[in-house]
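Trainee: If it helps, the file is called model-v7.txt and holds compact mmCIF, C-alpha atoms:
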```txt
# COMPACT_ATOMS: atom_id res chain seq x y z
CA MET Y 1 -29.14 -1.17 73.03
CA ASN Y 2 -30.94 -1.05 76.36
CA LYS Y 3 -32.91 2.05 77.16
CA LYS Y 4 -31.36 4.46 79.63
CA SER Y 5 -32.93 4.19 83.08
CA ILE Y 6 -33.59 7.41 84.98
CA ALA Y 7 -34.55 7.33 88.66
CA VAL Y 8 -37.09 9.97 89.75
CA ILE Y 9 -37.46 10.91 93.43
CA LEU Y 10 -40.98 12.04 94.36
CA SER Y 11 -41.96 13.75 97.63
CA GLY Y 12 -45.73 13.19 97.76
CA CYS Y 13 -48.53 14.33 95.44
CA GLY Y 14 -49.33 18.04 95.29
CA ARG Y 15 -47.40 21.30 95.16
CA ARG Y 16 -48.04 22.37 98.76
CA ASP Y 17 -47.07 19.16 100.58
CA GLY Y 18 -45.49 16.90 97.96
CA SER Y 19 -44.27 16.78 94.37
CA GLU Y 20 -45.68 19.43 92.04
CA ILE Y 21 -47.93 17.27 89.84
CA HIS Y 22 -47.34 19.00 86.49
CA GLU Y 23 -43.55 19.03 86.97
CA ALA Y 24 -43.47 15.39 88.04
CA THR Y 25 -45.78 14.19 85.24
CA LEU Y 26 -43.97 16.21 82.58
CA THR Y 27 -40.62 14.85 83.80
CA LEU Y 28 -41.93 11.30 83.26
CA TRP Y 29 -43.38 12.39 79.89
CA ALA Y 30 -40.04 13.92 78.83
CA ILE Y 31 -38.13 10.79 79.87
CA HIS Y 32 -40.37 8.62 77.67
CA LYS Y 33 -40.39 11.21 74.87
CA ASN Y 34 -36.58 11.11 74.78
CA GLY Y 35 -36.46 7.32 74.56
CA ALA Y 36 -35.47 6.51 78.14
CA ASP Y 37 -37.30 4.67 80.94
CA TYR Y 38 -37.96 5.82 84.48
CA GLN Y 39 -38.28 4.27 87.90
CA CYS Y 40 -39.99 6.36 90.60
CA TYR Y 41 -38.86 6.33 94.23
CA ALA Y 42 -40.02 8.07 97.40
CA PRO Y 43 -39.05 7.86 101.06
CA ASN Y 44 -41.40 5.71 103.17
CA ILE Y 45 -42.09 8.43 105.79
CA PHE Y 46 -45.03 10.53 106.90
CA GLN Y 47 -45.49 13.91 105.26
CA SER Y 48 -44.48 16.86 107.49
CA GLN Y 49 -47.99 18.21 106.89
CA VAL Y 50 -51.09 17.68 104.76
CA SER Y 51 -52.34 20.75 102.89
CA ASN Y 52 -55.81 21.45 101.57
CA HIS Y 53 -54.92 22.57 98.03
CA LEU Y 54 -58.27 24.37 97.65
CA THR Y 55 -57.92 26.62 100.72
CA GLY Y 56 -54.17 26.47 101.36
CA LYS Y 57 -54.82 25.52 104.98
CA THR Y 58 -53.23 22.66 106.90
CA MET Y 59 -55.46 19.59 107.35
CA ASP Y 60 -55.56 17.50 110.51
CA GLU Y 61 -54.53 14.30 108.72
CA GLU Y 62 -51.54 12.02 108.31
CA ARG Y 63 -50.40 10.87 104.87
CA ASN Y 64 -47.39 8.80 103.82
CA VAL Y 65 -45.01 10.24 101.21
CA LEU Y 66 -44.49 6.92 99.39
CA VAL Y 67 -48.21 6.07 99.35
CA GLU Y 68 -49.24 9.49 98.03
CA ALA Y 69 -46.39 9.64 95.49
CA ALA Y 70 -47.70 6.31 94.17
CA ARG Y 71 -50.65 8.29 92.75
CA ILE Y 72 -48.29 10.08 90.34
CA ALA Y 73 -46.34 6.88 89.62
CA ARG Y 74 -49.52 4.83 88.97
CA GLY Y 75 -48.42 2.38 91.68
CA ASP Y 76 -45.05 1.64 90.07
CA ILE Y 77 -42.81 3.13 92.76
CA LEU Y 78 -40.13 1.84 95.15
CA ASP Y 79 -39.06 2.76 98.67
CA LEU Y 80 -36.08 5.12 98.33
CA ALA Y 81 -34.32 3.08 101.04
CA ASP Y 82 -33.87 0.38 98.35
CA PHE Y 83 -32.29 2.76 95.81
CA ASP Y 84 -29.15 1.40 94.13
CA ALA Y 85 -27.24 3.96 92.06
CA GLU Y 86 -25.69 1.16 89.98
CA SER Y 87 -29.16 0.31 88.61
CA HIS Y 88 -29.78 3.70 86.99
CA ASP Y 89 -28.04 6.03 84.56
CA ALA Y 90 -29.22 9.29 86.10
CA LEU Y 91 -31.37 10.80 88.85
CA ILE Y 92 -34.01 13.57 88.67
CA LEU Y 93 -35.85 15.43 91.44
CA PRO Y 94 -39.04 17.28 90.39
CA GLY Y 95 -40.13 20.29 92.47
CA GLY Y 96 -43.03 21.06 94.76
CA LEU Y 97 -42.81 22.06 98.42
CA GLY Y 98 -42.45 18.39 99.36
CA ALA Y 99 -38.77 18.84 98.46
CA THR Y 100 -38.49 21.42 101.26
CA ILE Y 101 -40.70 19.80 103.94
CA ASN Y 102 -40.47 16.02 103.27
CA LEU Y 103 -37.17 15.41 101.44
CA SER Y 104 -35.53 18.08 103.61
CA ASP Y 105 -36.49 20.74 106.16
CA PHE Y 106 -35.29 23.60 103.96
CA ALA Y 107 -38.64 25.42 104.29
CA SER Y 108 -38.11 25.94 108.03
CA LYS Y 109 -34.30 25.78 108.41
CA GLY Y 110 -32.94 27.43 105.25
CA SER Y 111 -29.17 27.02 104.90
CA ASP Y 112 -29.07 24.96 108.13
CA CYS Y 113 -31.43 22.40 106.62
CA ASN Y 114 -31.11 18.66 107.05
CA ILE Y 115 -31.61 16.40 104.04
CA ASN Y 116 -33.55 13.14 104.43
CA GLU Y 117 -30.95 10.39 104.83
CA ALA Y 118 -32.19 8.22 101.94
CA VAL Y 119 -32.33 11.27 99.64
CA GLU Y 120 -28.79 12.31 100.56
CA LYS Y 121 -27.46 8.77 100.06
CA ALA Y 122 -29.14 8.45 96.65
CA ILE Y 123 -27.71 11.76 95.45
CA LEU Y 124 -24.19 11.12 96.78
CA ALA Y 125 -24.09 7.58 95.39
CA THR Y 126 -25.26 8.76 91.94
CA HIS Y 127 -22.73 11.60 92.00
CA ALA Y 128 -19.91 9.31 93.12
CA LEU Y 129 -20.52 7.21 89.99
CA GLN Y 130 -20.27 10.42 87.90
CA LYS Y 131 -23.85 10.02 86.73
CA PRO Y 132 -25.88 13.17 86.00
CA ILE Y 133 -28.50 14.62 88.34
CA GLY Y 134 -31.39 16.90 87.37
CA ALA Y 135 -33.61 19.03 89.61
CA LEU Y 136 -36.64 21.22 88.87
CA CYS Y 137 -38.23 24.24 90.56
CA ILE Y 138 -37.24 24.44 94.27
CA ALA Y 139 -35.61 20.96 94.41
CA PRO Y 140 -32.14 22.34 93.42
CA VAL Y 141 -31.75 23.68 97.00
CA ILE Y 142 -31.20 20.07 98.09
CA LEU Y 143 -28.29 19.76 95.63
CA ALA Y 144 -26.84 23.08 96.83
CA LYS Y 145 -26.67 21.65 100.35
CA ILE Y 146 -25.11 18.33 99.33
CA LEU Y 147 -22.81 19.20 96.40
CA PRO Y 148 -20.59 22.14 97.44
CA GLY Y 149 -20.01 24.76 94.75
CA VAL Y 150 -22.69 23.46 92.38
CA LYS Y 151 -23.89 25.90 89.72
CA LEU Y 152 -27.68 25.90 89.46
CA THR Y 153 -30.93 27.87 89.13
CA ILE Y 154 -34.20 28.24 91.02
CA GLY Y 155 -35.39 31.06 88.73
CA GLN Y 156 -35.13 34.60 90.09
CA ASP Y 157 -36.18 34.53 93.75
CA LYS Y 158 -33.56 36.66 95.52
CA ASP Y 159 -34.07 35.25 99.03
CA THR Y 160 -33.79 31.63 97.93
CA ALA Y 161 -30.81 32.47 95.69
CA ALA Y 162 -29.07 34.12 98.69
CA ILE Y 163 -29.57 31.00 100.82
CA ILE Y 164 -28.16 28.87 97.98
CA GLU Y 165 -25.03 31.06 97.89
CA GLU Y 166 -24.83 30.80 101.70
CA MET Y 167 -24.76 26.99 101.35
CA GLY Y 168 -21.88 27.32 98.90
CA GLY Y 169 -23.86 27.05 95.69
CA SER Y 170 -23.56 29.33 92.70
CA HIS Y 171 -26.93 30.65 91.52
CA ARG Y 172 -27.81 31.76 87.98
CA ASN Y 173 -31.00 33.71 87.22
CA THR Y 174 -33.14 32.14 84.52
CA MET Y 175 -36.35 32.72 82.61
CA GLN Y 176 -39.13 30.17 81.97
CA THR Y 177 -37.96 26.99 80.16
CA GLU Y 178 -34.23 27.82 80.51
CA VAL Y 179 -31.84 25.24 81.96
CA VAL Y 180 -28.52 25.68 83.76
CA VAL Y 181 -25.89 22.96 83.26
CA ASP Y 182 -22.98 22.38 85.62
CA ASN Y 183 -20.80 20.29 83.30
CA HIS Y 184 -18.20 19.64 85.99
CA LEU Y 185 -20.60 18.26 88.63
CA LYS Y 186 -23.05 16.95 85.97
CA VAL Y 187 -26.04 18.79 87.41
CA VAL Y 188 -28.93 20.21 85.34
CA THR Y 189 -31.60 22.55 86.76
CA THR Y 190 -34.63 24.49 85.48
CA PRO Y 191 -36.99 26.89 87.34
CA CYS Y 192 -40.49 25.66 86.31
CA TYR Y 193 -43.14 26.98 88.74
CA MET Y 194 -40.60 29.05 90.71
CA LEU Y 195 -41.63 31.50 87.97
CA GLN Y 196 -45.14 32.28 86.70
CA ALA Y 197 -45.52 29.72 83.92
CA ARG Y 198 -48.00 28.02 81.62
CA VAL Y 199 -48.20 24.22 81.62
CA ASP Y 200 -46.61 23.91 78.17
CA GLN Y 201 -43.63 25.91 79.49
CA ILE Y 202 -43.26 23.36 82.29
CA GLY Y 203 -43.21 20.68 79.59
CA GLU Y 204 -40.60 22.58 77.57
CA GLY Y 205 -38.37 23.06 80.63
CA ALA Y 206 -38.67 19.40 81.68
CA ASP Y 207 -37.95 18.28 78.10
CA ARG Y 208 -34.80 20.43 77.87
CA LEU Y 209 -33.64 19.25 81.29
CA VAL Y 210 -34.08 15.58 80.38
CA GLN Y 211 -32.27 16.10 77.05
CA LYS Y 212 -29.30 17.73 78.84
CA VAL Y 213 -29.24 14.93 81.44
CA ILE Y 214 -29.16 12.33 78.65
CA ASN Y 215 -26.42 14.30 76.82
CA LEU Y 216 -24.32 14.31 80.00
CA LEU Y 217 -24.66 10.58 80.59
CA GLU Y 218 -23.60 9.84 77.04
CA LYS Y 219 -20.35 11.79 77.51
CA MET P 1 -58.75 37.71 69.78
CA ASN P 2 -59.51 36.23 73.17
CA LYS P 3 -58.13 32.80 73.91
CA LYS P 4 -60.57 29.92 73.78
CA SER P 5 -61.63 28.76 77.23
CA ILE P 6 -61.93 25.03 77.83
CA ALA P 7 -63.56 23.69 80.99
CA VAL P 8 -62.00 20.53 82.45
CA ILE P 9 -63.96 18.33 84.88
CA LEU P 10 -61.75 16.49 87.38
CA SER P 11 -62.88 13.63 89.64
CA GLY P 12 -60.19 13.60 92.35
CA CYS P 13 -56.43 12.98 92.16
CA GLY P 14 -55.23 9.49 91.26
CA ARG P 15 -56.17 6.76 88.80
CA ARG P 16 -57.85 4.41 91.31
CA ASP P 17 -60.18 6.90 93.04
CA GLY P 18 -60.00 10.12 91.03
CA SER P 19 -58.63 11.65 87.83
CA GLU P 20 -55.74 9.81 86.23
CA ILE P 21 -52.91 12.28 86.92
CA HIS P 22 -50.98 11.91 83.64
CA GLU P 23 -54.14 12.22 81.53
CA ALA P 24 -55.37 15.25 83.49
CA THR P 25 -51.99 17.02 83.47
CA LEU P 26 -51.39 16.32 79.77
CA THR P 27 -54.88 17.60 78.94
CA LEU P 28 -54.02 20.90 80.66
CA TRP P 29 -50.62 20.88 78.91
CA ALA P 30 -52.25 20.26 75.49
CA ILE P 31 -54.78 23.06 76.08
CA HIS P 32 -51.97 25.55 76.76
CA LYS P 33 -49.81 24.12 73.95
CA ASN P 34 -52.64 24.74 71.49
CA GLY P 35 -53.08 28.35 72.59
CA ALA P 36 -56.24 28.00 74.67
CA ASP P 37 -56.89 28.49 78.40
CA TYR P 38 -58.51 26.12 80.86
CA GLN P 39 -60.67 26.31 83.95
CA CYS P 40 -60.84 23.21 86.15
CA TYR P 41 -64.02 22.11 87.92
CA ALA P 42 -64.95 19.24 90.23
CA PRO P 43 -68.06 18.29 92.18
CA ASN P 44 -67.93 19.24 95.87
CA ILE P 45 -68.73 15.71 97.16
CA PHE P 46 -66.95 12.97 99.08
CA GLN P 47 -65.09 10.35 97.06
CA SER P 48 -66.88 6.98 96.91
CA GLN P 49 -63.68 5.47 98.29
CA VAL P 50 -60.03 6.29 98.99
CA SER P 51 -57.48 3.91 97.45
CA ASN P 52 -53.92 3.27 98.53
CA HIS P 53 -52.17 3.58 95.15
CA LEU P 54 -49.16 1.61 96.40
CA THR P 55 -51.08 -1.51 97.50
CA GLY P 56 -54.35 -1.10 95.58
CA LYS P 57 -56.31 -1.55 98.81
CA THR P 58 -59.12 0.64 100.10
CA MET P 59 -58.13 3.03 102.90
CA ASP P 60 -60.35 3.84 105.85
CA GLU P 61 -60.41 7.58 105.09
CA GLU P 62 -62.72 10.23 103.68
CA ARG P 63 -61.54 12.65 101.01
CA ASN P 64 -63.41 15.33 99.08
CA VAL P 65 -63.34 15.22 95.26
CA LEU P 66 -63.01 19.02 94.84
CA VAL P 67 -60.28 19.33 97.50
CA GLU P 68 -58.20 16.46 96.06
CA ALA P 69 -58.71 17.59 92.44
CA ALA P 70 -57.31 20.98 93.55
CA ARG P 71 -53.91 19.23 93.76
CA ILE P 72 -53.91 18.73 89.98
CA ALA P 73 -55.34 22.23 89.37
CA ARG P 74 -52.79 23.92 91.68
CA GLY P 75 -55.69 25.38 93.69
CA ASP P 76 -57.30 27.09 90.68
CA ILE P 77 -60.52 25.07 90.57
CA LEU P 78 -64.24 25.78 90.93
CA ASP P 79 -67.20 23.84 92.32
CA LEU P 80 -68.93 22.17 89.36
CA ALA P 81 -72.27 23.37 90.80
CA ASP P 82 -71.23 26.86 89.61
CA PHE P 83 -70.47 25.75 86.04
CA ASP P 84 -71.95 28.00 83.33
CA ALA P 85 -71.73 26.60 79.81
CA GLU P 86 -71.95 30.13 78.38
CA SER P 87 -68.55 30.95 79.95
CA HIS P 88 -66.60 28.27 78.06
CA ASP P 89 -66.04 27.18 74.47
CA ALA P 90 -65.70 23.48 75.14
CA LEU P 91 -65.63 20.83 77.88
CA ILE P 92 -63.16 17.98 78.48
CA LEU P 93 -63.30 15.03 80.91
CA PRO P 94 -59.97 13.27 81.59
CA GLY P 95 -60.09 9.61 82.67
CA GLY P 96 -59.26 7.70 85.82
CA LEU P 97 -61.63 5.53 87.83
CA GLY P 98 -63.00 8.67 89.52
CA ALA P 99 -65.15 9.05 86.39
CA THR P 100 -66.81 5.72 87.23
CA ILE P 101 -67.07 5.99 91.04
CA ASN P 102 -67.34 9.74 91.75
CA LEU P 103 -68.73 11.39 88.61
CA SER P 104 -71.01 8.38 88.10
CA ASP P 105 -71.56 4.89 89.53
CA PHE P 106 -70.67 3.16 86.26
CA ALA P 107 -68.12 0.92 88.01
CA SER P 108 -70.84 -0.81 90.04
CA LYS P 109 -73.98 -0.27 87.92
CA GLY P 110 -72.76 -0.54 84.32
CA SER P 111 -75.45 0.46 81.80
CA ASP P 112 -77.87 1.26 84.66
CA CYS P 113 -75.47 3.86 86.04
CA ASN P 114 -76.47 7.23 87.42
CA ILE P 115 -74.47 10.31 86.47
CA ASN P 116 -73.69 12.95 89.13
CA GLU P 117 -76.27 15.70 88.67
CA ALA P 118 -73.77 18.55 88.25
CA VAL P 119 -71.78 16.51 85.71
CA GLU P 120 -74.91 15.69 83.70
CA LYS P 121 -76.07 19.33 83.74
CA ALA P 122 -72.64 20.59 82.60
CA ILE P 123 -72.52 18.12 79.70
CA LEU P 124 -76.11 18.71 78.59
CA ALA P 125 -75.76 22.51 78.81
CA THR P 126 -72.52 22.44 76.79
CA HIS P 127 -74.07 20.11 74.23
CA ALA P 128 -77.24 22.25 73.98
CA LEU P 129 -75.06 25.20 72.96
CA GLN P 130 -73.49 22.99 70.25
CA LYS P 131 -70.07 23.28 71.87
CA PRO P 132 -67.63 20.34 71.58
CA ILE P 133 -66.98 17.84 74.36
CA GLY P 134 -63.86 15.68 74.76
CA ALA P 135 -63.35 12.63 76.97
CA LEU P 136 -60.29 10.45 77.65
CA CYS P 137 -59.77 6.85 78.76
CA ILE P 138 -62.87 5.50 80.60
CA ALA P 139 -64.64 8.90 80.85
CA PRO P 140 -66.46 8.43 77.48
CA VAL P 141 -68.87 5.99 79.21
CA ILE P 142 -70.47 9.05 80.85
CA LEU P 143 -71.13 10.56 77.42
CA ALA P 144 -72.56 7.24 76.16
CA LYS P 145 -75.13 7.37 78.97
CA ILE P 146 -76.10 11.02 78.41
CA LEU P 147 -75.84 11.52 74.63
CA PRO P 148 -77.79 8.74 72.89
CA GLY P 149 -76.15 7.33 69.76
CA VAL P 150 -72.79 9.01 70.32
CA LYS P 151 -69.85 7.52 68.41
CA LEU P 152 -66.81 7.10 70.68
CA THR P 153 -63.89 4.95 71.85
CA ILE P 154 -62.59 3.53 75.10
CA GLY P 155 -59.86 1.55 73.32
CA GLN P 156 -60.43 -2.18 72.85
CA ASP P 157 -61.98 -3.53 76.05
CA LYS P 158 -64.82 -5.78 74.82
CA ASP P 159 -66.87 -5.78 78.05
CA THR P 160 -66.87 -1.98 78.37
CA ALA P 161 -67.58 -1.59 74.64
CA ALA P 162 -70.58 -3.94 75.01
CA ILE P 163 -72.00 -1.84 77.86
CA ILE P 164 -71.53 1.30 75.77
CA GLU P 165 -73.54 -0.29 72.93
CA GLU P 166 -76.18 -1.36 75.52
CA MET P 167 -76.51 2.32 76.55
CA GLY P 168 -77.07 3.26 72.91
CA GLY P 169 -73.55 4.37 72.07
CA SER P 170 -71.55 3.34 69.03
CA HIS P 171 -68.08 2.07 69.93
CA ARG P 172 -65.00 2.15 67.69
CA ASN P 173 -61.84 0.18 68.54
CA THR P 174 -58.70 2.30 68.62
CA MET P 175 -54.96 1.98 69.17
CA GLN P 176 -52.80 4.21 71.39
CA THR P 177 -52.93 7.96 70.52
CA GLU P 178 -55.88 7.56 68.09
CA VAL P 179 -58.97 9.75 68.44
CA VAL P 180 -62.57 9.17 67.38
CA VAL P 181 -64.58 12.21 66.31
CA ASP P 182 -68.39 12.32 66.26
CA ASN P 183 -68.83 15.34 64.00
CA HIS P 184 -72.60 15.36 64.41
CA LEU P 185 -72.67 15.41 68.23
CA LYS P 186 -69.28 17.21 68.43
CA VAL P 187 -67.69 14.62 70.69
CA VAL P 188 -63.99 13.65 70.62
CA THR P 189 -62.57 10.63 72.52
CA THR P 190 -59.20 8.86 72.89
CA PRO P 191 -58.30 5.70 74.85
CA CYS P 192 -55.14 6.72 76.80
CA TYR P 193 -54.55 4.30 79.71
CA MET P 194 -57.44 2.03 78.70
CA LEU P 195 -54.58 0.57 76.64
CA GLN P 196 -51.01 -0.18 77.75
CA ALA P 197 -49.26 3.11 76.98
CA ARG P 198 -46.15 5.17 77.60
CA VAL P 199 -46.52 8.66 79.04
CA ASP P 200 -45.54 10.36 75.77
CA GLN P 201 -48.37 8.44 74.07
CA ILE P 202 -50.79 9.88 76.63
CA GLY P 203 -49.44 13.31 75.68
CA GLU P 204 -49.87 12.61 71.97
CA GLY P 205 -53.45 11.38 72.47
CA ALA P 206 -54.38 14.37 74.64
CA ASP P 207 -52.79 16.75 72.14
CA ARG P 208 -54.73 15.26 69.21
CA LEU P 209 -57.96 15.32 71.20
CA VAL P 210 -57.53 18.98 72.15
CA GLN P 211 -56.71 19.90 68.54
CA LYS P 212 -59.87 18.16 67.29
CA VAL P 213 -61.96 19.86 69.99
CA ILE P 214 -60.57 23.25 68.94
CA ASN P 215 -61.21 22.42 65.25
CA LEU P 216 -64.84 21.58 66.08
CA LEU P 217 -65.45 24.79 67.99
CA GLU P 218 -64.07 26.84 65.13
CA LYS P 219 -66.56 25.28 62.71
```
Since I need it in another form, could you write the structure as structure tokens?
Mentor:
Amino acid sequence: MNKKSIAVILSGCGRRDGSEIHEATLTLWAIHKNGADYQCYAPNIFQSQVSNHLTGKTMDEERNVLVEAARIARGDILDLADFDAESHDALILPGGLGATINLSDFASKGSDCNINEAVEKAILATHALQKPIGALCIAPVILAKILPGVKLTIGQDKDTAAIIEEMGGSHRNTMQTEVVVDNHLKVVTTPCYMLQARVDQIGEGADRLVQKVINLLEK
Amino acid sequence: MNKKSIAVILSGCGRRDGSEIHEATLTLWAIHKNGADYQCYAPNIFQSQVSNHLTGKTMDEERNVLVEAARIARGDILDLADFDAESHDALILPGGLGATINLSDFASKGSDCNINEAVEKAILATHALQKPIGALCIAPVILAKILPGVKLTIGQDKDTAAIIEEMGGSHRNTMQTEVVVDNHLKVVTTPCYMLQARVDQIGEGADRLVQKVINLLEK
């Protein structure tokens, strides 16, 4: 039997302006650990900003989302414009602020946010084929915007949960490592670094999420 | 009982010009998984080069090792110049080419390489206190230069193994996830991405290495 193929959408390389590195790495780890394969994707666009992760300040630089995400993917990454939902069994979006400034403009627009066109197409195409979608940390806000009525979690942040409800989503509070499964829409979410967490808890959350995603695609 | 504190020296953020991201993340994950805490460090210097991880080509940019390593450490990282061996129970160096172009010039000089002064001081101070040191992937070459006669592994690459022997080290061939322990010098090494490996194998190797390091410091 062929291994299941899970597409992973990255948003750069670093929690402040891209994919959160621990969440992204531990998603890839969990996919391999559970006997599946992954293919990373990222949009070929400039980052909305470049952050100095030591000081937290904005840097006067330009960086490309696909090029920086390639650091996490060890070079094995494709332009999200070439994504074909038929080629994969499931789709996962790790967290990091890149989800809210590169894959969307949620950070500045909230419930009025726009989702990057390639990201929206990839999610809708995967969903239309009834394949499962996972999202970690803050990335579930993208699903709340695109999949009306989806049940999901971003942890316990009241303001973000309120915006999710405003977009038509249904938020569930969770603790570290917990996952929320929307069996109807085939969506799995887990809070990761939206809560104070140790790295092994990020691994446990990612592992549970990947297991649930694989369970859903075998149904 | 206080948790053991393990110092981790990073060399940037990305396999071609810094710390290999999976190895670094899974080292931090393994430290937490085994009940210890970590503190990341990096030298406050410019990278020897900046690599486009999508194309493999050199980019006409300058990046700082400490600032980029802060992406992996989520901002919680200190200048290696301020390292105090008394404050930690052990020291670990993840791999990635940053070990051979930023922490040393092994990539261009081989057995005649120079080790970054702060890196050498941190290793020698830790070793002088008889505390264990771990190194993953290509990073063991730094230990071969500094700790004469050390027994270690970088996998199975014959050319690199020959240079290690030239520097006075004693190389052992290993397969994925295996570790080599020098009980006398208290050094633990594992090959990681010096061999073709899946991400869960990197996790297994890092986990075994951290367990051996903790065993050694409890002796």
Trainee: So, counting all atoms listed in the file, which residue among P:Lys186, P:Lys109, P:His53, P:Arg208 is closest to chain Y?
Mentor: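 Looking at the shortest contact to chain Y, the residue is P:His53.
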Trainee: Can you check which residues of chain P have any atom within 6 Å of chain Y? Use only C-alpha atoms and format it as a ChimeraX atom specification.
Mentor: /P:14,22,25,29,32-33,53-54,67,70-71,75,199-200
Trainee: I'd like to know which of Y:Leu217, Y:Ser48, Y:Asp207, Y:Met194 is closest to His127 of chain Y, using all atoms listed in the file.
Mentor: Y:Leu217
Trainee: What's the 6 Å shell around Pro191 of chain P, counting only C-alpha atoms, without same-chain residues fewer than 6 positions away, as a ChimeraX atom specification?
Mentor: /P:136-137,154-155
Trainee: Please indicate the distance in Å from atom CA of Ser108 of chain Y to atom CA of Val181 of chain Y, rounded to one decimal place.
Mentor: 27.8 Å
Trainee: Interatomic distance between atom CA of Glu62 of chain Y and atom CA of Asp82 of chain Y?
Mentor: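 Separation of atom CA of Glu62 of chain Y and atom CA of Asp82 of chain Y: 23.4 Å.
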Trainee: Anything within 12 Å of (-63.4, 24.2, 63.8): list those residues as a list in words, counting only C-alpha atoms and sticking to the file's coordinates.
Mentor: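 Here the neighbourhood of the point contains Lys4, Asp89, Ala90, Lys131, Pro132, Asn183, Lys186, Val210, Gln211, Lys212, Val213, Ile214, Asn215, Leu216, Leu217, Glu218 and Lys219 of chain P.
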Trainee: Show me as a CSV table (one decimal) with C-alpha atoms, keeping the file's coordinate frame the residues that reach within 6 Å of (-62.5, 11.5, 70.1), counting all atoms listed in the file and using the file's own coordinates.
Mentor:
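Result file is result29.csv:
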```
chain,number,residue,atom,x,y,z
P,179,VAL,CA,-59.0,9.8,68.4
P,180,VAL,CA,-62.6,9.2,67.4
P,181,VAL,CA,-64.6,12.2,66.3
P,188,VAL,CA,-64.0,13.6,70.6
P,189,THR,CA,-62.6,10.6,72.5
P,190,THR,CA,-59.2,8.9,72.9
```
Trainee: Could you check which of P:Asp84, P:Leu152, P:Ile123, P:Leu97 is closest to Ile138 of chain P, using only C-alpha atoms?
Mentor: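 With only C-alpha atoms as the atom set, the closest residue is P:Leu97.
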Trainee: Could you check how far atom CA of Thr126 of chain Y sits from atom CA of Gly169 of chain Y, in Å to one decimal?
Mentor: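 A separation of 18.7 Å between them.
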Trainee: Find the residues near Asp112 of chain P: any atom within 10 Å, counting all atoms listed in the file, skip ones fewer than 2 places away on the same chain, and give them as a list in words.
Mentor: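 The contact residues come out as Asp105, Phe106, Ser108, Lys109, Gly110, Asn114, Ile115, Lys145, Ile163, Glu166 and Met167 of chain P.
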